[in-house]
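The structure appears right after this line, and notes come after that.
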Amino acid sequence: MTIFPSLPSVGDVGSSQIVEVPTLEELGYVDIEGNELPPFRGGESEGLKRLREAISNEKWVATFEKPKGDPSAFLRPATTTLSPYLKFGCVSSRYFYQCIQDVYTRNKKHTSPPVSLLGQLLWRDFFYTVAFGTPNFDQMRGNKICKQIPWNDNDELLTAWREAKTGYPWIDAIMTQLHKWGWMHHLARHCVACFLTRGDLFVHWEKGRDVFERLLIDSDWAINSGNWMWLSCSSFFYQYNRIYSPISFGKKYDPNGNYIRHFLPILKDMPKEYIYEPWTAPLSVQTKAKCIIGKDYPKPMVSHDSASKDCKQKLAAAYELNKKLNGVVSEEDLKVLQRKLDATCDSVLNPVHSHSSSGAKRQRRS
DNA sequence: GTTGAGTTGGATAT
DNA sequence: ATATCCAACTCAAC
């Protein structure tokens, strides 16, 4: 027999005061008229409705494979979009699990974890479990499963990324969707997380994690930090040579750039030949599209080719140090490495027009 | 020490 | 759409 502790009497709220429910304006949401509203409505009824819709397409459930979704789909997102409802407890994860099992019973041929729809629920519990068992899970320092990497602490780079001003339309469109919807497709999250950390800007994953924590409607402490470590090659995943291209990754799903045109309307008239790299468009084309690069839309903040090369070199050096010191890397060790790397890698400090100098040649590994 | 797997890379070929 | 190469990591199993 379970004994439930008695609840405090109604009205006893300690030292806190009961106040009226604040208005949207008081919460800082001003001038929302005319803005695109997020497509999420709160509550269990809405969550169950979405669950039923997702589950009713049994063929879709049975053949679901996470890596195959289309991150540029926004009129009809490629996943269930149930994450906000799971996060707030509007939909029971166990009920969702059971619904998927029922579909599998009726459809013997179905995908399997980790890529299946059921697998996605397992990943959720995976992150809860490892986060529970790992001291300092949400930070790099003192976190045994986290590679110690000399990320830079550049607020300008972070701000440009957060404010959707990197100059890469695919990245900026995703960050705009984050601001407007509080949600984007899983692979879109991968692209911007990779870009901020190990792919281009080499900014600390904790900074990006904090931005997601604030802006995502489905942000979850364990899943968010876990995935940022994953994407930054700090833990779980280590193939740092696999970098998402901020140009070609989106293009292969959405060659016309409809996703970009929707979330970055300043680029809506840019011809599709240039929409992923508008800085390469001739001035006449920019003029006709009413979007001058450097004036109406920013120039790319880094050259992806040289920035990603530098990032790979930095990761290789950091991994080497972690290996040598058996994961016990001091603050001072990281500082020394950072100074060494700053001397050889220059793409982030000298943006787009500079090219990696001879100093960027690959370091010898011992 | 070697081998193979690892939810989601890119570029190029057909 | 699928195959192959590129470049190359860690970790577990043997």
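Going by the structure tokens order, chains are called A, B, ..., each with residues numbered from 1, while ligands are numbered from 1 in the order shown.
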With a cut-off of 9 Å, could you pull out the residues of chain A touching chain C and give me the nearest pair of atoms for each, distance in Å to one decimal, using only C-alpha atoms (C1' of nucleotides), ordered by chain and ascending number, as a tab-separated table?
residue	atom	partner	partner_atom	distance
A:Phe236	CA	C:DT10	C1'	8.8
A:Phe237	CA	C:DT10	C1'	7.9
A:Tyr238	CA	C:DC9	C1'	5.0
A:Gln239	CA	C:DC9	C1'	4.4
A:Tyr240	CA	C:DC9	C1'	6.6
A:Asn241	CA	C:DA8	C1'	7.0
Taking only C-alpha atoms (C1' of nucleotides) into account, which residues of chain B are within 6 Å of chain A, as a VMD selection string?
-> chain B and resid 7 to 9
Please write the residues from the selection above to a file, keeping N, CA, C and O atoms (P, O5', C5', C4', C3', O3' and C1' of nucleotides), as a JSON list (two decimals), in the first residue's frame.
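Final file, selection04.json:
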[["chain", "number", "residue", "atom", "x", "y", "z"],
["B", 7, "DT", "P", 24.29, 4.34, -32.89],
["B", 7, "DT", "O5'", 23.16, 4.71, -33.92],
["B", 7, "DT", "C5'", 23.36, 5.75, -34.82],
["B", 7, "DT", "C4'", 22.21, 5.77, -35.80],
["B", 7, "DT", "C3'", 22.23, 7.06, -36.58],
["B", 7, "DT", "O3'", 22.95, 6.81, -37.77],
["B", 7, "DT", "C1'", 20.04, 6.62, -35.76],
["B", 8, "DT", "P", 24.31, 7.59, -38.04],
["B", 8, "DT", "O5'", 23.74, 8.83, -38.87],
["B", 8, "DT", "C5'", 23.27, 8.60, -40.17],
["B", 8, "DT", "C4'", 22.57, 9.84, -40.67],
["B", 8, "DT", "C3'", 23.27, 11.14, -40.32],
["B", 8, "DT", "O3'", 24.05, 11.53, -41.42],
["B", 8, "DT", "C1'", 20.98, 11.23, -39.71],
["B", 9, "DG", "P", 25.51, 11.29, -41.49],
["B", 9, "DG", "O5'", 26.18, 12.53, -42.21],
["B", 9, "DG", "C5'", 26.25, 13.80, -41.60],
["B", 9, "DG", "C4'", 27.06, 14.71, -42.50],
["B", 9, "DG", "C3'", 26.36, 15.04, -43.80],
["B", 9, "DG", "O3'", 26.71, 16.36, -44.19],
["B", 9, "DG", "C1'", 28.27, 13.74, -44.25]]
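Atom to atom, atom CA of Ile149 of chain A and atom CA of Asp200 of chain A stand 14.6 Å apart.
Minimum distance to Leu37 of chain A across A:Gly182, A:Asp220, A:Gln313, A:Phe195 (counting only C-alpha atoms) occurs at A:Gly182.
Interatomic distance, atom CA of Asp153 of chain A to atom CA of Ala131 of chain A: 24.9 Å.
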Assign secondary structure with DSSP using the backbone only, and return the residues of segment 66-153 of chain A in helix (DSSP H, G or I) as a PyMOL selection string.
-> chain A and resi 66-68+83-87+93-106+117-132
Atoms to include: N, CA, C and O atoms. Write the selected residues as a short mmCIF file (atom, residue, chain, number, x, y, z; two decimals), in the first residue's frame.
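The new file again.cif reads:
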data_model
loop_
_atom_site.label_atom_id
_atom_site.label_comp_id
_atom_site.auth_asym_id
_atom_site.auth_seq_id
_atom_site.Cartn_x
_atom_site.Cartn_y
_atom_site.Cartn_z
N LYS A 66 14.09 7.71 -38.74
CA LYS A 66 14.43 9.08 -38.37
C LYS A 66 15.39 9.79 -39.33
O LYS A 66 15.13 10.92 -39.74
N PRO A 67 16.51 9.17 -39.69
CA PRO A 67 17.45 9.92 -40.53
C PRO A 67 16.89 10.28 -41.88
O PRO A 67 17.48 11.06 -42.61
N LYS A 68 15.74 9.71 -42.26
CA LYS A 68 15.23 9.95 -43.61
C LYS A 68 14.20 11.09 -43.69
O LYS A 68 13.65 11.35 -44.75
N SER A 83 6.77 16.32 -29.52
CA SER A 83 7.75 16.61 -28.46
C SER A 83 7.29 17.65 -27.44
O SER A 83 7.49 17.44 -26.23
N PRO A 84 6.63 18.75 -27.84
CA PRO A 84 6.19 19.69 -26.80
C PRO A 84 5.18 19.07 -25.84
O PRO A 84 5.17 19.38 -24.64
N TYR A 85 4.35 18.19 -26.37
CA TYR A 85 3.31 17.57 -25.55
C TYR A 85 3.89 16.53 -24.61
O TYR A 85 3.42 16.35 -23.49
N LEU A 86 4.94 15.86 -25.06
CA LEU A 86 5.64 14.92 -24.18
C LEU A 86 6.38 15.68 -23.10
O LEU A 86 6.38 15.32 -21.93
N LYS A 87 7.03 16.77 -23.52
CA LYS A 87 7.83 17.55 -22.56
C LYS A 87 6.96 18.10 -21.43
O LYS A 87 7.35 18.06 -20.26
N SER A 93 4.09 9.43 -22.33
CA SER A 93 5.05 8.70 -23.18
C SER A 93 4.70 7.20 -23.21
O SER A 93 4.91 6.52 -24.20
N ARG A 94 4.17 6.69 -22.10
CA ARG A 94 3.80 5.27 -22.05
C ARG A 94 2.63 4.98 -22.99
O ARG A 94 2.57 3.94 -23.64
N TYR A 95 1.68 5.91 -23.04
CA TYR A 95 0.54 5.73 -23.93
C TYR A 95 1.00 5.76 -25.38
O TYR A 95 0.59 4.94 -26.21
N PHE A 96 1.86 6.71 -25.68
CA PHE A 96 2.44 6.83 -27.02
C PHE A 96 3.14 5.51 -27.39
O PHE A 96 2.93 4.95 -28.47
N TYR A 97 3.96 5.03 -26.46
CA TYR A 97 4.69 3.77 -26.65
C TYR A 97 3.72 2.63 -26.98
O TYR A 97 3.92 1.87 -27.91
N GLN A 98 2.63 2.56 -26.21
CA GLN A 98 1.66 1.48 -26.41
C GLN A 98 0.97 1.60 -27.76
O GLN A 98 0.74 0.59 -28.44
N CYS A 99 0.67 2.84 -28.15
CA CYS A 99 0.04 3.04 -29.46
C CYS A 99 0.95 2.54 -30.58
O CYS A 99 0.49 1.92 -31.55
N ILE A 100 2.25 2.82 -30.46
CA ILE A 100 3.19 2.36 -31.49
C ILE A 100 3.25 0.84 -31.50
O ILE A 100 3.20 0.20 -32.56
N GLN A 101 3.30 0.24 -30.31
CA GLN A 101 3.33 -1.22 -30.22
C GLN A 101 2.10 -1.83 -30.89
O GLN A 101 2.20 -2.85 -31.58
N ASP A 102 0.94 -1.21 -30.68
CA ASP A 102 -0.29 -1.71 -31.31
C ASP A 102 -0.18 -1.69 -32.83
O ASP A 102 -0.61 -2.63 -33.51
N VAL A 103 0.39 -0.61 -33.35
CA VAL A 103 0.57 -0.52 -34.80
C VAL A 103 1.51 -1.62 -35.28
O VAL A 103 1.26 -2.27 -36.31
N TYR A 104 2.57 -1.86 -34.53
CA TYR A 104 3.53 -2.91 -34.91
C TYR A 104 2.88 -4.29 -34.88
O TYR A 104 3.22 -5.17 -35.68
N THR A 105 1.95 -4.50 -33.95
CA THR A 105 1.26 -5.79 -33.88
C THR A 105 0.47 -6.04 -35.15
O THR A 105 0.41 -7.16 -35.66
N ARG A 106 -0.13 -4.98 -35.66
CA ARG A 106 -0.94 -5.12 -36.87
C ARG A 106 -0.08 -5.08 -38.14
O ARG A 106 -0.53 -5.48 -39.20
N LEU A 117 10.22 4.76 -35.03
CA LEU A 117 9.50 5.73 -34.20
C LEU A 117 9.58 5.33 -32.72
O LEU A 117 9.81 6.17 -31.84
N LEU A 118 9.44 4.03 -32.46
CA LEU A 118 9.59 3.55 -31.08
C LEU A 118 10.98 3.88 -30.55
O LEU A 118 11.16 4.26 -29.39
N GLY A 119 11.96 3.74 -31.44
CA GLY A 119 13.34 4.04 -31.08
C GLY A 119 13.51 5.46 -30.56
O GLY A 119 14.34 5.72 -29.69
N GLN A 120 12.70 6.37 -31.08
CA GLN A 120 12.82 7.76 -30.64
C GLN A 120 12.44 7.92 -29.17
O GLN A 120 13.02 8.71 -28.43
N LEU A 121 11.46 7.14 -28.74
CA LEU A 121 11.09 7.15 -27.33
C LEU A 121 12.19 6.52 -26.47
O LEU A 121 12.45 6.94 -25.35
N LEU A 122 12.85 5.50 -27.05
CA LEU A 122 13.95 4.88 -26.32
C LEU A 122 15.11 5.85 -26.14
O LEU A 122 15.76 5.90 -25.09
N TRP A 123 15.38 6.65 -27.20
CA TRP A 123 16.43 7.66 -27.09
C TRP A 123 16.13 8.64 -25.96
O TRP A 123 17.03 9.08 -25.24
N ARG A 124 14.88 8.98 -25.82
CA ARG A 124 14.46 9.90 -24.76
C ARG A 124 14.86 9.32 -23.40
O ARG A 124 15.49 10.00 -22.57
N ASP A 125 14.56 8.06 -23.19
CA ASP A 125 14.92 7.44 -21.92
C ASP A 125 16.42 7.22 -21.80
O ASP A 125 16.97 7.26 -20.70
N PHE A 126 17.07 7.00 -22.94
CA PHE A 126 18.53 6.87 -22.91
C PHE A 126 19.16 8.13 -22.31
O PHE A 126 20.01 8.06 -21.42
N PHE A 127 18.72 9.28 -22.79
CA PHE A 127 19.31 10.53 -22.29
C PHE A 127 18.93 10.78 -20.83
O PHE A 127 19.75 11.30 -20.06
N TYR A 128 17.72 10.42 -20.44
CA TYR A 128 17.35 10.57 -19.02
C TYR A 128 18.26 9.71 -18.14
O TYR A 128 18.71 10.14 -17.08
N THR A 129 18.53 8.50 -18.61
CA THR A 129 19.32 7.58 -17.81
C THR A 129 20.77 8.04 -17.67
O THR A 129 21.31 8.11 -16.55
N VAL A 130 21.38 8.38 -18.79
CA VAL A 130 22.79 8.77 -18.73
C VAL A 130 22.95 10.12 -18.03
O VAL A 130 23.93 10.35 -17.31
N ALA A 131 21.96 10.98 -18.17
CA ALA A 131 22.04 12.28 -17.50
C ALA A 131 21.93 12.10 -15.99
O ALA A 131 22.64 12.74 -15.21
N PHE A 132 21.07 11.18 -15.58
CA PHE A 132 20.90 10.91 -14.15
C PHE A 132 22.19 10.36 -13.55
O PHE A 132 22.56 10.70 -12.42
#
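As for atom CA of Glu273 of chain A and atom CA of Ser303 of chain A, they are spaced 18.8 Å apart.
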Shell around Arg198 of chain A at 7 Å using only C-alpha atoms (C1' of nucleotides), local window under 4 positions removed, as a list of chain:residue names | A:Cys194, A:Phe202, A:Ser232, A:Cys311
